[in-house]
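Quick notes on the structure that follows.
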Amino acid sequence: MDFVTTIIHPVANPIGAAAFLCNTLGFQKKSSSTDALVVDNGSVAVRLVFRPAQEQGVLHVELQTQNLGAATATLLALPAVTLLQERVAIGDTRLESRLQGPYGIIITVAQEFTEDELDILPPLPTSLMWDGQAESCIRQILRLIPIDFRDGARLRITERAEMLAGENAAITVTLDNALQALADITPHFQHPLLLSALQQQGIDASDQFQRVQP
Amino acid sequence: MIQRYWSRAIKLVQWGRIGLSLRRLKTAKPAEREQAQQALAALLADSRGLAMKIGQIMAGSHDDNAFQALVTSIEPLPLSKVKTCLGKPLERALQAIDEASAAASLGQVHHGLLHNGSEVAIKIRYPGIVTAIKAELNISGWLPAGGPIKRWQFDANDYKTTLHRQLLRETDYRIERQTQQRFRQNLTVSGLHIPTIYPEWCNEGVLVQSWEKGCRFSETCHWPKQQRLEIGRTLLMALWQSLFVHGEVHGDPHPGNYLFRLDSQGHAETVLLDYGCTVLIARQRRLAFLKLIEAYCTGQNIDAFGCFVAMGFNADKLAHLQEQLPELCTLLLRPLLASKPFPVAHWQLSAALQSLLGEKRWWFRAAGPADLMLLLRAFHGVNQQLAQLDVALPWWPLLKNAVGAEVLEQARQLDLPTTATANNVTARTSARRLCVRIWEDGLPAISMDLPPEAATDLASLIPSTVLAQLNAEDGLDLPALSQRLQREGISPQDLFNGHSGSKHYRVWLE
């Protein structure tokens, strides 16, 4: 089922609320009638309907940003915007600040961090046991793979290494299995970079990479 | 003489009650199911021998159903009643012997201590059990062969013969002794332990082997992941190696036949017990199966139909599934085709087969040789255990390792039989199904689709009262109709329409 979805915000001053949304959050006025004003930003529409002050509702708006500090400071510089909570951690990869705006509008400013920004090495999605050095080596080396491709690479290296372990009837993945999997699933042009990075870890993987024909 | 007939009559009543309980169990609502299971388990336990054996099969590898009582808590006979079976040499060699520690369908196990200090497990066959089994097998031979067995042309005699032969083999412990020694000598699977036999004390009714300690399977499900993985690997590789390399599979995977423990280095060890029920698979059959697996796993073209025929499947019956065979193989081999360790709990095979084949799945079962039932039981047992262990394992690499390069090469070299039969069958039977519809007061009452061959035996499908009415009112001559179909081929056509009271019948081939 396809619908055009609009969020309804009961507010004591629809005109003021519309002005705030348009001037600060990039909305545009779409239509107005005697009983409501509709604003939208291209992906979501808000229908502002008049209600007496005691019946005013709350409109939660979330803004995604790459710079939580700067975005929060910019919003706090606006009149009638105050800080509710600052830099709340949500899980391992997300920070939020919450601001009270005018007209019953609460603004959540959120920043998602990549594993690089957080400086963490996520665990491998393993099914078998892994030798400590093998796991640590692969988690480190995955840093060299562009972030957009990394989740896929992490999964494929793990699966491949575990299948290689199975060929020796092992339930523990060894460093040799892990390096061979790395060589098998990465494009050939990346091999010199990977070999060099492994050498910096004190690991010689030339045998495993030579087994893979270009 | 009177006593023999009386005993047979009692057995018949007992089998009748078991049959009734089975029917109740089948139709019970979930809330009543457990109660029905307990009632049936009690009946089967009362019977010892064949009935208890069936109960053990129903127990499968799950630890949470009423039939488990048949596996772990059957009341053994007192030592005084079985001691005479031991024989003088063994009695003299024993320093001590306990009351039975475990009882099974055909015998019970006692813990003994030899004068040389060795602890032994002494399995003693119940006195008189062989005669009882033979009598029960005669009765089971009278069991009806109707319903799906007839409709889908199961070879009921083949099934009965296989079951009878298997049970009688199980009553001779000399065969079990040899089998266990063969398994011990041949299987080289890491983590697998097979108890040592003491052949000097064994005879037809007594089996003496090393006493093994360990816990039951249900406990291992709470062990750390490494040990659960080790157990899973051992179970899977033992299955592959025994099937493809040695051609003989342990066919009795119920939990009472396994013990688990840790070795001195903390690795899990699986003790496999009870070699009474094994399945022998001839070289051509197992190599054909391996050939099929390897072709699918490596993406090569393969005559799947030819492989199944070489595995012992009936070509005429399998021909009904020829179109679906490639997809069917993909479903059956799914864990082996996975490019990563496969979690068995995700393998909804029954639902997938139902979705692909519907009622035609019976053709697959009917086409398979009778001993396939025992082999499937072994596979199913390992699957259940892997699911309960909650481990994912790399099936294809483990299989390759368990089997070895030489056997894989033999499978590649195997010549498959020509499969012209498939086309002949399809030509002779051009209809795809027999449709039976009954309306009552204008509303649909029964809608049934059957294999087209069922049209040649409509008399067994239609109730005799209805048949008599149709004959009288519409002049329907079923024998003549059957003969015509057999003569002219089973092609799409209307077979008959008729009325009987408020009911309207239509039967046709399409």
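Letters A, B, ... go to the chains of the structure tokens in the order shown; residues in each chain start at 1; ligands are counted from 1 in the same order.
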Residues of chain A no more than 12 Å from chain B, counting only C-alpha atoms: send them over as a PDB file with N, CA, C and O atoms, in the first residue's frame.
```
ATOM      1  N   PRO A 125      31.911 -11.847  12.426  1.00  0.00           N
ATOM      2  CA  PRO A 125      30.677 -12.649  12.579  1.00  0.00           C
ATOM      3  C   PRO A 125      30.981 -14.147  12.478  1.00  0.00           C
ATOM      4  O   PRO A 125      30.672 -14.797  11.491  1.00  0.00           O
ATOM      5  N   THR A 126      31.586 -14.682  13.500  1.00  0.00           N
ATOM      6  CA  THR A 126      32.118 -16.050  13.431  1.00  0.00           C
ATOM      7  C   THR A 126      31.072 -17.115  13.765  1.00  0.00           C
ATOM      8  O   THR A 126      30.146 -16.873  14.529  1.00  0.00           O
ATOM      9  N   SER A 127      31.270 -18.302  13.194  1.00  0.00           N
ATOM     10  CA  SER A 127      30.501 -19.491  13.582  1.00  0.00           C
ATOM     11  C   SER A 127      31.402 -20.488  14.292  1.00  0.00           C
ATOM     12  O   SER A 127      30.968 -21.218  15.168  1.00  0.00           O
ATOM     13  N   LEU A 128      32.683 -20.548  13.864  1.00  0.00           N
ATOM     14  CA  LEU A 128      33.646 -21.471  14.474  1.00  0.00           C
ATOM     15  C   LEU A 128      34.480 -20.722  15.513  1.00  0.00           C
ATOM     16  O   LEU A 128      34.277 -19.526  15.741  1.00  0.00           O
ATOM     17  N   MET A 129      35.430 -21.418  16.107  1.00  0.00           N
ATOM     18  CA  MET A 129      36.368 -20.773  17.020  1.00  0.00           C
ATOM     19  C   MET A 129      37.470 -20.124  16.167  1.00  0.00           C
ATOM     20  O   MET A 129      37.729 -20.572  15.050  1.00  0.00           O
ATOM     21  N   TRP A 130      38.104 -19.091  16.688  1.00  0.00           N
ATOM     22  CA  TRP A 130      39.198 -18.434  15.959  1.00  0.00           C
ATOM     23  C   TRP A 130      40.424 -18.357  16.850  1.00  0.00           C
ATOM     24  O   TRP A 130      40.322 -17.994  18.025  1.00  0.00           O
ATOM     25  N   ASP A 131      41.567 -18.648  16.259  1.00  0.00           N
ATOM     26  CA  ASP A 131      42.843 -18.426  16.932  1.00  0.00           C
ATOM     27  C   ASP A 131      42.967 -16.916  17.190  1.00  0.00           C
ATOM     28  O   ASP A 131      42.608 -16.101  16.329  1.00  0.00           O
ATOM     29  N   LEU A 155      32.366 -10.041   6.416  1.00  0.00           N
ATOM     30  CA  LEU A 155      31.540 -11.251   6.359  1.00  0.00           C
ATOM     31  C   LEU A 155      32.185 -12.303   5.449  1.00  0.00           C
ATOM     32  O   LEU A 155      32.303 -13.474   5.807  1.00  0.00           O
ATOM     33  N   ARG A 156      32.626 -11.863   4.270  1.00  0.00           N
ATOM     34  CA  ARG A 156      33.147 -12.828   3.291  1.00  0.00           C
ATOM     35  C   ARG A 156      34.472 -13.446   3.746  1.00  0.00           C
ATOM     36  O   ARG A 156      34.707 -14.630   3.555  1.00  0.00           O
ATOM     37  N   ILE A 157      35.336 -12.620   4.360  1.00  0.00           N
ATOM     38  CA  ILE A 157      36.614 -13.175   4.846  1.00  0.00           C
ATOM     39  C   ILE A 157      36.342 -14.206   5.944  1.00  0.00           C
ATOM     40  O   ILE A 157      36.929 -15.291   5.967  1.00  0.00           O
ATOM     41  N   THR A 158      35.412 -13.869   6.842  1.00  0.00           N
ATOM     42  CA  THR A 158      35.106 -14.784   7.952  1.00  0.00           C
ATOM     43  C   THR A 158      34.569 -16.109   7.417  1.00  0.00           C
ATOM     44  O   THR A 158      35.023 -17.186   7.818  1.00  0.00           O
ATOM     45  N   GLU A 159      33.601 -16.022   6.506  1.00  0.00           N
ATOM     46  CA  GLU A 159      32.996 -17.255   5.968  1.00  0.00           C
ATOM     47  C   GLU A 159      34.027 -18.097   5.218  1.00  0.00           C
ATOM     48  O   GLU A 159      34.096 -19.312   5.381  1.00  0.00           O
ATOM     49  N   ARG A 160      34.829 -17.415   4.413  1.00  0.00           N
ATOM     50  CA  ARG A 160      35.831 -18.137   3.614  1.00  0.00           C
ATOM     51  C   ARG A 160      36.857 -18.821   4.530  1.00  0.00           C
ATOM     52  O   ARG A 160      37.212 -19.987   4.320  1.00  0.00           O
ATOM     53  N   ALA A 161      37.308 -18.100   5.541  1.00  0.00           N
ATOM     54  CA  ALA A 161      38.320 -18.666   6.451  1.00  0.00           C
ATOM     55  C   ALA A 161      37.750 -19.888   7.177  1.00  0.00           C
ATOM     56  O   ALA A 161      38.456 -20.881   7.387  1.00  0.00           O
ATOM     57  N   GLU A 162      36.476 -19.834   7.529  1.00  0.00           N
ATOM     58  CA  GLU A 162      35.875 -20.956   8.260  1.00  0.00           C
ATOM     59  C   GLU A 162      35.699 -22.168   7.343  1.00  0.00           C
ATOM     60  O   GLU A 162      35.842 -23.310   7.787  1.00  0.00           O
ATOM     61  N   MET A 163      35.399 -21.927   6.077  1.00  0.00           N
ATOM     62  CA  MET A 163      35.303 -23.055   5.141  1.00  0.00           C
ATOM     63  C   MET A 163      36.695 -23.675   4.934  1.00  0.00           C
ATOM     64  O   MET A 163      36.832 -24.894   4.827  1.00  0.00           O
ATOM     65  N   LEU A 164      37.723 -22.815   4.900  1.00  0.00           N
ATOM     66  CA  LEU A 164      39.086 -23.345   4.743  1.00  0.00           C
ATOM     67  C   LEU A 164      39.477 -24.185   5.963  1.00  0.00           C
ATOM     68  O   LEU A 164      40.112 -25.237   5.829  1.00  0.00           O
ATOM     69  N   ALA A 165      39.073 -23.727   7.138  1.00  0.00           N
ATOM     70  CA  ALA A 165      39.366 -24.507   8.353  1.00  0.00           C
ATOM     71  C   ALA A 165      38.695 -25.874   8.267  1.00  0.00           C
ATOM     72  O   ALA A 165      39.286 -26.895   8.628  1.00  0.00           O
ATOM     73  N   GLY A 166      37.466 -25.887   7.747  1.00  0.00           N
ATOM     74  CA  GLY A 166      36.719 -27.140   7.616  1.00  0.00           C
ATOM     75  C   GLY A 166      37.431 -28.151   6.723  1.00  0.00           C
ATOM     76  O   GLY A 166      37.321 -29.353   6.938  1.00  0.00           O
ATOM     77  N   GLU A 167      38.169 -27.663   5.731  1.00  0.00           N
ATOM     78  CA  GLU A 167      38.871 -28.602   4.840  1.00  0.00           C
ATOM     79  C   GLU A 167      39.935 -29.393   5.583  1.00  0.00           C
ATOM     80  O   GLU A 167      40.341 -30.469   5.155  1.00  0.00           O
ATOM     81  N   ASN A 168      40.400 -28.840   6.722  1.00  0.00           N
ATOM     82  CA  ASN A 168      41.341 -29.596   7.563  1.00  0.00           C
ATOM     83  C   ASN A 168      40.610 -30.266   8.721  1.00  0.00           C
ATOM     84  O   ASN A 168      41.252 -30.668   9.699  1.00  0.00           O
ATOM     85  N   ALA A 169      39.308 -30.312   8.642  1.00  0.00           N
ATOM     86  CA  ALA A 169      38.471 -30.885   9.703  1.00  0.00           C
ATOM     87  C   ALA A 169      38.682 -30.154  11.029  1.00  0.00           C
ATOM     88  O   ALA A 169      38.548 -30.746  12.101  1.00  0.00           O
ATOM     89  N   ALA A 170      39.011 -28.865  10.930  1.00  0.00           N
ATOM     90  CA  ALA A 170      39.259 -28.093  12.160  1.00  0.00           C
ATOM     91  C   ALA A 170      38.031 -27.274  12.525  1.00  0.00           C
ATOM     92  O   ALA A 170      37.268 -26.881  11.645  1.00  0.00           O
ATOM     93  N   ILE A 171      37.873 -27.026  13.808  1.00  0.00           N
ATOM     94  CA  ILE A 171      36.787 -26.128  14.228  1.00  0.00           C
ATOM     95  C   ILE A 171      37.359 -24.792  14.691  1.00  0.00           C
ATOM     96  O   ILE A 171      36.636 -23.911  15.122  1.00  0.00           O
ATOM     97  N   THR A 172      38.687 -24.650  14.600  1.00  0.00           N
ATOM     98  CA  THR A 172      39.334 -23.385  14.955  1.00  0.00           C
ATOM     99  C   THR A 172      40.046 -22.834  13.729  1.00  0.00           C
ATOM    100  O   THR A 172      40.832 -23.541  13.082  1.00  0.00           O
ATOM    101  N   VAL A 173      39.764 -21.579  13.423  1.00  0.00           N
ATOM    102  CA  VAL A 173      40.381 -20.935  12.261  1.00  0.00           C
ATOM    103  C   VAL A 173      41.787 -20.502  12.644  1.00  0.00           C
ATOM    104  O   VAL A 173      41.990 -19.816  13.652  1.00  0.00           O
TER     105      VAL A 173
END
```
Excluding region 200-215 of chain B and any residue of its chain fewer than 3 positions from it, enumerate the residues within 6 Å of it, using only C-alpha atoms, and give them as JSON, numbers by chain.
{"B": [90, 119, 120, 121, 122, 123, 124, 125, 172, 173, 174, 195, 196, 197, 259, 260, 261]}
Find the distance between CA of Trp362 (chain B) and CA of Leu318 (chain B) and write it in Å to one decimal.
10.1 Å
Within 10 Å of region 22-36 of chain A, counting only C-alpha atoms, which residues show up once you throw out same-chain ones fewer than 2 positions away? Write them as an MDAnalysis selection string, please.
chainID A and resid 8:11 14:20 38:51 61 63 74:75 78 107
What would the file look like if the residues just selected were written as a short mmCIF file (atom, residue, chain, number, x, y, z; two decimals), in the first residue's frame with N, CA and C atoms?
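Written file, again14.cif:
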```cif
data_model
loop_
_atom_site.label_atom_id
_atom_site.label_comp_id
_atom_site.auth_asym_id
_atom_site.auth_seq_id
_atom_site.Cartn_x
_atom_site.Cartn_y
_atom_site.Cartn_z
N ILE A 8 0.82 15.18 12.04
CA ILE A 8 -0.07 16.25 12.54
C ILE A 8 0.48 16.79 13.85
N HIS A 9 0.59 18.09 13.91
CA HIS A 9 1.08 18.72 15.15
C HIS A 9 0.03 19.73 15.64
N PRO A 10 -0.68 19.42 16.72
CA PRO A 10 -1.65 20.38 17.29
C PRO A 10 -0.87 21.47 18.03
N VAL A 11 -1.06 22.70 17.64
CA VAL A 11 -0.21 23.76 18.18
C VAL A 11 -1.05 25.05 18.36
N PRO A 14 -0.01 28.07 14.92
CA PRO A 14 0.47 27.39 13.70
C PRO A 14 1.34 28.28 12.83
N ILE A 15 1.05 29.54 12.77
CA ILE A 15 1.83 30.42 11.89
C ILE A 15 3.27 30.55 12.43
N GLY A 16 3.39 30.72 13.75
CA GLY A 16 4.72 30.82 14.37
C GLY A 16 5.49 29.52 14.19
N ALA A 17 4.80 28.37 14.39
CA ALA A 17 5.46 27.06 14.25
C ALA A 17 5.93 26.86 12.82
N ALA A 18 5.09 27.27 11.86
CA ALA A 18 5.47 27.13 10.44
C ALA A 18 6.69 27.98 10.15
N ALA A 19 6.74 29.16 10.70
CA ALA A 19 7.87 30.06 10.45
C ALA A 19 9.15 29.45 11.03
N PHE A 20 9.03 28.86 12.22
CA PHE A 20 10.23 28.26 12.84
C PHE A 20 10.75 27.09 12.00
N VAL A 38 0.22 23.51 6.15
CA VAL A 38 1.04 22.32 5.87
C VAL A 38 2.40 22.78 5.38
N VAL A 39 3.47 22.24 6.03
CA VAL A 39 4.84 22.52 5.57
C VAL A 39 5.49 21.18 5.24
N ASP A 40 6.43 21.19 4.31
CA ASP A 40 7.19 19.95 4.09
C ASP A 40 8.61 20.26 3.67
N ASN A 41 9.46 19.25 3.78
CA ASN A 41 10.88 19.43 3.41
C ASN A 41 11.27 18.48 2.29
N GLY A 42 10.30 17.98 1.57
CA GLY A 42 10.60 17.08 0.45
C GLY A 42 10.47 15.63 0.84
N SER A 43 10.67 15.31 2.09
CA SER A 43 10.54 13.90 2.47
C SER A 43 9.47 13.70 3.54
N VAL A 44 9.19 14.73 4.31
CA VAL A 44 8.14 14.59 5.31
C VAL A 44 7.33 15.89 5.38
N ALA A 45 6.02 15.74 5.56
CA ALA A 45 5.15 16.91 5.66
C ALA A 45 4.58 17.00 7.07
N VAL A 46 4.40 18.23 7.55
CA VAL A 46 3.81 18.43 8.88
C VAL A 46 2.57 19.30 8.71
N ARG A 47 1.47 18.78 9.26
CA ARG A 47 0.21 19.54 9.20
C ARG A 47 0.03 20.19 10.57
N LEU A 48 0.10 21.52 10.59
CA LEU A 48 0.01 22.27 11.85
C LEU A 48 -1.44 22.70 12.03
N VAL A 49 -2.08 22.16 13.04
CA VAL A 49 -3.49 22.48 13.26
C VAL A 49 -3.64 23.24 14.59
N PHE A 50 -4.57 24.16 14.60
CA PHE A 50 -4.72 25.00 15.79
C PHE A 50 -5.36 24.22 16.94
N ARG A 51 -4.79 24.37 18.13
CA ARG A 51 -5.38 23.88 19.37
C ARG A 51 -5.07 24.92 20.45
N VAL A 61 11.47 16.16 16.34
CA VAL A 61 12.15 16.23 15.05
C VAL A 61 13.59 15.76 15.26
N LEU A 63 17.40 15.48 13.68
CA LEU A 63 18.30 15.99 12.64
C LEU A 63 19.59 15.19 12.66
N THR A 74 24.72 25.86 16.94
CA THR A 74 23.97 26.70 16.01
C THR A 74 22.50 26.79 16.43
N LEU A 75 21.93 25.65 16.80
CA LEU A 75 20.51 25.65 17.20
C LEU A 75 20.31 26.37 18.51
N LEU A 78 19.62 30.11 18.54
CA LEU A 78 18.32 30.63 18.11
C LEU A 78 17.49 31.04 19.33
N ILE A 107 13.82 19.00 19.47
CA ILE A 107 14.77 18.67 18.39
C ILE A 107 15.84 17.73 18.93
#
```
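In this model, the gap between CA of Leu124 (chain A) and CA of Asp151 (chain A) comes to 9.6 Å.
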Shell of 10 Å around His60 (chain A), only C-alpha atoms, local chain residues under 6 positions omitted, as an MDAnalysis selection string
chainID A and resid 9 98:101 104:108
Contacts between region 263-278 of chain B and region 334-450 of chain B, please, where a residue of region 334-450 of chain B counts if it comes within 10 Å (with only C-alpha atoms); show its shortest atom pair and distance in Å to one decimal, rows by chain and ascending number, as a tab-separated table.
```
residue	atom	partner	partner_atom	distance
B:Leu374	CA	B:Thr278	CA	8.2
B:Leu375	CA	B:Thr278	CA	8.8
B:Ala378	CA	B:Thr278	CA	9.3
```
Excluding Ala93 (chain B) and residues on its chain fewer than 3 positions from it, collect all residues at most 12 Å away from it, counting only C-alpha atoms, and give them as a ChimeraX atom specification.
/B:86-90,96-97,112-120,198,200-201,208
When you look at Ile281 (chain B) with a cut-off of 7 Å (counting only C-alpha atoms), what residues show up, excluding the ones that are within fewer than 4 positions of it in the same chain? I need them as a VMD selection string.
chain B and resid 247 to 248 285 to 286
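If you look at CA of Leu175 (chain A) and CA of His188 (chain A), they are 20.1 Å away from each other.
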Which of region 8-130 of chain A fall in helix (DSSP H, G or I), as a ChimeraX atom specification:
/A:14-25,53-55,68-76,115-118
Include C-alpha atoms and write out the residues we just selected as a PDB file, in the first residue's frame.
```
ATOM      1  CA  PRO A  14       0.466  27.386  13.700  1.00  0.00           C
ATOM      2  CA  ILE A  15       1.835  30.424  11.895  1.00  0.00           C
ATOM      3  CA  GLY A  16       4.723  30.817  14.366  1.00  0.00           C
ATOM      4  CA  ALA A  17       5.458  27.060  14.245  1.00  0.00           C
ATOM      5  CA  ALA A  18       5.470  27.126  10.442  1.00  0.00           C
ATOM      6  CA  ALA A  19       7.870  30.058  10.451  1.00  0.00           C
ATOM      7  CA  PHE A  20      10.225  28.260  12.844  1.00  0.00           C
ATOM      8  CA  LEU A  21      10.231  25.061  10.796  1.00  0.00           C
ATOM      9  CA  CYS A  22      10.762  26.978   7.533  1.00  0.00           C
ATOM     10  CA  ASN A  23      13.408  29.420   8.802  1.00  0.00           C
ATOM     11  CA  THR A  24      15.508  27.015  10.844  1.00  0.00           C
ATOM     12  CA  LEU A  25      14.924  23.455   9.633  1.00  0.00           C
ATOM     13  CA  ALA A  53      -2.338  26.254  24.483  1.00  0.00           C
ATOM     14  CA  GLN A  54      -3.391  23.705  27.107  1.00  0.00           C
ATOM     15  CA  GLU A  55      -4.015  21.102  24.358  1.00  0.00           C
ATOM     16  CA  LEU A  68      27.125  17.177  16.682  1.00  0.00           C
ATOM     17  CA  GLY A  69      28.877  19.997  18.588  1.00  0.00           C
ATOM     18  CA  ALA A  70      28.581  22.602  15.830  1.00  0.00           C
ATOM     19  CA  ALA A  71      24.976  21.735  14.964  1.00  0.00           C
ATOM     20  CA  THR A  72      23.918  21.894  18.619  1.00  0.00           C
ATOM     21  CA  ALA A  73      25.644  25.249  19.112  1.00  0.00           C
ATOM     22  CA  THR A  74      23.965  26.698  16.005  1.00  0.00           C
ATOM     23  CA  LEU A  75      20.514  25.646  17.196  1.00  0.00           C
ATOM     24  CA  LEU A  76      21.107  26.880  20.730  1.00  0.00           C
ATOM     25  CA  GLU A 115      34.052   2.258  13.463  1.00  0.00           C
ATOM     26  CA  ASP A 116      37.018   4.386  12.340  1.00  0.00           C
ATOM     27  CA  GLU A 117      35.702   7.510  14.049  1.00  0.00           C
ATOM     28  CA  LEU A 118      35.064   5.516  17.202  1.00  0.00           C
TER      29      LEU A 118
END
```
Contacts of region 219-222 of chain B within 7 Å, only C-alpha atoms, excl. fewer than 4 positions in-chain, as a PyMOL selection string:
chain B and resi 215+228+388-389
Based on the selection just made, write N, CA and C atoms of those residues as a PDB file, in the first residue's frame.
```pdb
ATOM      1  N   CYS B 215      28.242 -38.232  29.958  1.00  0.00           N
ATOM      2  CA  CYS B 215      26.916 -37.683  30.246  1.00  0.00           C
ATOM      3  C   CYS B 215      26.030 -37.820  29.006  1.00  0.00           C
ATOM      4  N   ARG B 228      30.816 -27.944  21.938  1.00  0.00           N
ATOM      5  CA  ARG B 228      29.622 -28.276  21.133  1.00  0.00           C
ATOM      6  C   ARG B 228      30.013 -28.418  19.659  1.00  0.00           C
ATOM      7  N   GLN B 388      20.146 -29.019  18.056  1.00  0.00           N
ATOM      8  CA  GLN B 388      20.096 -28.842  19.510  1.00  0.00           C
ATOM      9  C   GLN B 388      21.420 -28.321  20.072  1.00  0.00           C
ATOM     10  N   LEU B 389      22.514 -28.692  19.439  1.00  0.00           N
ATOM     11  CA  LEU B 389      23.815 -28.177  19.882  1.00  0.00           C
ATOM     12  C   LEU B 389      23.964 -26.691  19.539  1.00  0.00           C
TER      13      LEU B 389
END
```
